[in-house]
Each structure stands twice: as C-alpha cells, then as structure tokens.
Amino acid sequence: MENQDKNEVLSRAVKAGKRTYFFDVKRSRNEEMYLTITESKRKFNEDSGNFFYEKHKIFLYKEDFEKFKNALTGVIDFIENGTVPAEDDFFENDNFVKNDDMDLGITFDDIDLSL
C-alpha cells in the first residue's frame, strides 16, 4: 500500500448517481506520468448480505493522450450536437479500429446503461 501511495501524484473523484469516477495521475518507475480512470459502482451481494464495489479501470499513457482526447471530444460533440466526427480528424489510419472491424460477441442489450 505504501508503494502505491508513493506513485500517486493527483486524484479527483466525480460522483455520478450510483457510480463514482476516479481520475488518478500516477508516476511509473521510470518517472513518466500516466492516468488511470476508475469507475466504481456500489452493489449488493444478496448471498452474503454485504455491499461491495465493482471497479473497472482504464490506463491511459502520455503518448495516447491526444488521440484519446480527440476521440472523446468527437463523440461528445456528436451526442450534444449531432455532428459526426470524421475518422481522419482524430486517428492515424494505422491506429484506428472501425466498429465494423470489432466483434466483441456482445450486443447493446448485454450492456447495463442504467444509472
């Protein structure tokens, strides 16, 4: 635990309904900073009668910040304004995976979108 505290540089939390999002800036062994985004959701285990936290993490490294930021801005603009972002505006061709190229074996019906 002590080692984990040493590499943490900055932390911010955003409460959003039943979820909390943590944005943690950490420092790697070679002194490079990176970002972890953690979604934490409190759930109840009916078998044990106890609450627990389900967590999902994303690790984002400095070399990917610009692509991530551009993609996030593009999809937020689409949601807010209906403006479809051009793929070429956000990605280098060799790093872009089109939705048609991905088969995750799940459908939107499998995803819990409730807040």
# chains A, B, ... in the order shown; residues from 1 in each chain; ligands from 1
>>> residues_around(residues="Met33 (chain A)", least_positions_apart="6", cutoff="9 Å", atoms="only C-alpha atoms", output="PyMOL selection string")
chain A and resi 7+9+25-27+61-62
>>> residues_around(residues="Phe65 (chain A)", least_positions_apart="3", cutoff="12 Å", atoms="only C-alpha atoms", output="ChimeraX atom specification")
/A:33-36,59-62,68-73,90-91
>>> atom_distance(atom1="CA of Glu32 (chain A)", atom2="CA of Leu10 (chain A)")
13.7 Å
>>> atom_distance(atom1="CA of Arg19 (chain A)", atom2="CA of Glu46 (chain A)")
19.4 Å
>>> residues_around(residues="Glu54 (chain A)", least_positions_apart="3", cutoff="8 Å", atoms="only C-alpha atoms", output="PyMOL selection string")
chain A and resi 40-43
>>> atom_distance(atom1="CA of Lys57 (chain A)", atom2="CA of Ala13 (chain A)")
13.7 Å
>>> select_by_dssp(residues="region 51-93 of chain A", states="strand (DSSP E)", output="list of chain:residue names")
A:Phe51, A:Phe52, A:Tyr53, A:Glu54, A:Lys55, A:His56, A:Lys57, A:Ile58, A:Phe59, A:Leu60, A:Tyr61
>>> write_last_selection(atoms="N, CA and C atoms", output="PDB file, in the first residue's frame")
ATOM      1  N   PHE A  51     -22.457  -5.225   1.015  1.00  0.00           N
ATOM      2  CA  PHE A  51     -22.194  -4.381  -0.137  1.00  0.00           C
ATOM      3  C   PHE A  51     -20.752  -4.594  -0.595  1.00  0.00           C
ATOM      4  N   PHE A  52     -20.518  -4.405  -1.872  1.00  0.00           N
ATOM      5  CA  PHE A  52     -19.172  -4.461  -2.426  1.00  0.00           C
ATOM      6  C   PHE A  52     -19.087  -3.450  -3.557  1.00  0.00           C
ATOM      7  N   TYR A  53     -17.877  -3.167  -3.996  1.00  0.00           N
ATOM      8  CA  TYR A  53     -17.658  -2.213  -5.074  1.00  0.00           C
ATOM      9  C   TYR A  53     -17.120  -2.935  -6.303  1.00  0.00           C
ATOM     10  N   GLU A  54     -17.834  -2.779  -7.393  1.00  0.00           N
ATOM     11  CA  GLU A  54     -17.388  -3.312  -8.678  1.00  0.00           C
ATOM     12  C   GLU A  54     -16.595  -2.204  -9.347  1.00  0.00           C
ATOM     13  N   LYS A  55     -15.361  -2.521  -9.761  1.00  0.00           N
ATOM     14  CA  LYS A  55     -14.484  -1.490 -10.329  1.00  0.00           C
ATOM     15  C   LYS A  55     -13.992  -1.897 -11.715  1.00  0.00           C
ATOM     16  N   HIS A  56     -13.895  -0.891 -12.574  1.00  0.00           N
ATOM     17  CA  HIS A  56     -13.316  -1.066 -13.909  1.00  0.00           C
ATOM     18  C   HIS A  56     -12.289   0.033 -14.116  1.00  0.00           C
ATOM     19  N   LYS A  57     -11.131  -0.324 -14.640  1.00  0.00           N
ATOM     20  CA  LYS A  57     -10.040   0.648 -14.806  1.00  0.00           C
ATOM     21  C   LYS A  57      -9.616   0.767 -16.256  1.00  0.00           C
ATOM     22  N   ILE A  58      -9.207   1.990 -16.581  1.00  0.00           N
ATOM     23  CA  ILE A  58      -8.571   2.280 -17.861  1.00  0.00           C
ATOM     24  C   ILE A  58      -7.231   2.929 -17.537  1.00  0.00           C
ATOM     25  N   PHE A  59      -6.177   2.472 -18.167  1.00  0.00           N
ATOM     26  CA  PHE A  59      -4.864   3.076 -18.020  1.00  0.00           C
ATOM     27  C   PHE A  59      -4.575   3.842 -19.298  1.00  0.00           C
ATOM     28  N   LEU A  60      -4.262   5.107 -19.150  1.00  0.00           N
ATOM     29  CA  LEU A  60      -4.022   5.962 -20.309  1.00  0.00           C
ATOM     30  C   LEU A  60      -2.630   6.570 -20.186  1.00  0.00           C
ATOM     31  N   TYR A  61      -1.797   6.316 -21.193  1.00  0.00           N
ATOM     32  CA  TYR A  61      -0.416   6.763 -21.159  1.00  0.00           C
ATOM     33  C   TYR A  61      -0.224   8.008 -22.017  1.00  0.00           C
TER      34      TYR A  61
END
>>> residues_around(residues="Tyr21 (chain A)", least_positions_apart="5", cutoff="9 Å", atoms="only C-alpha atoms", output="count of residues only")
10
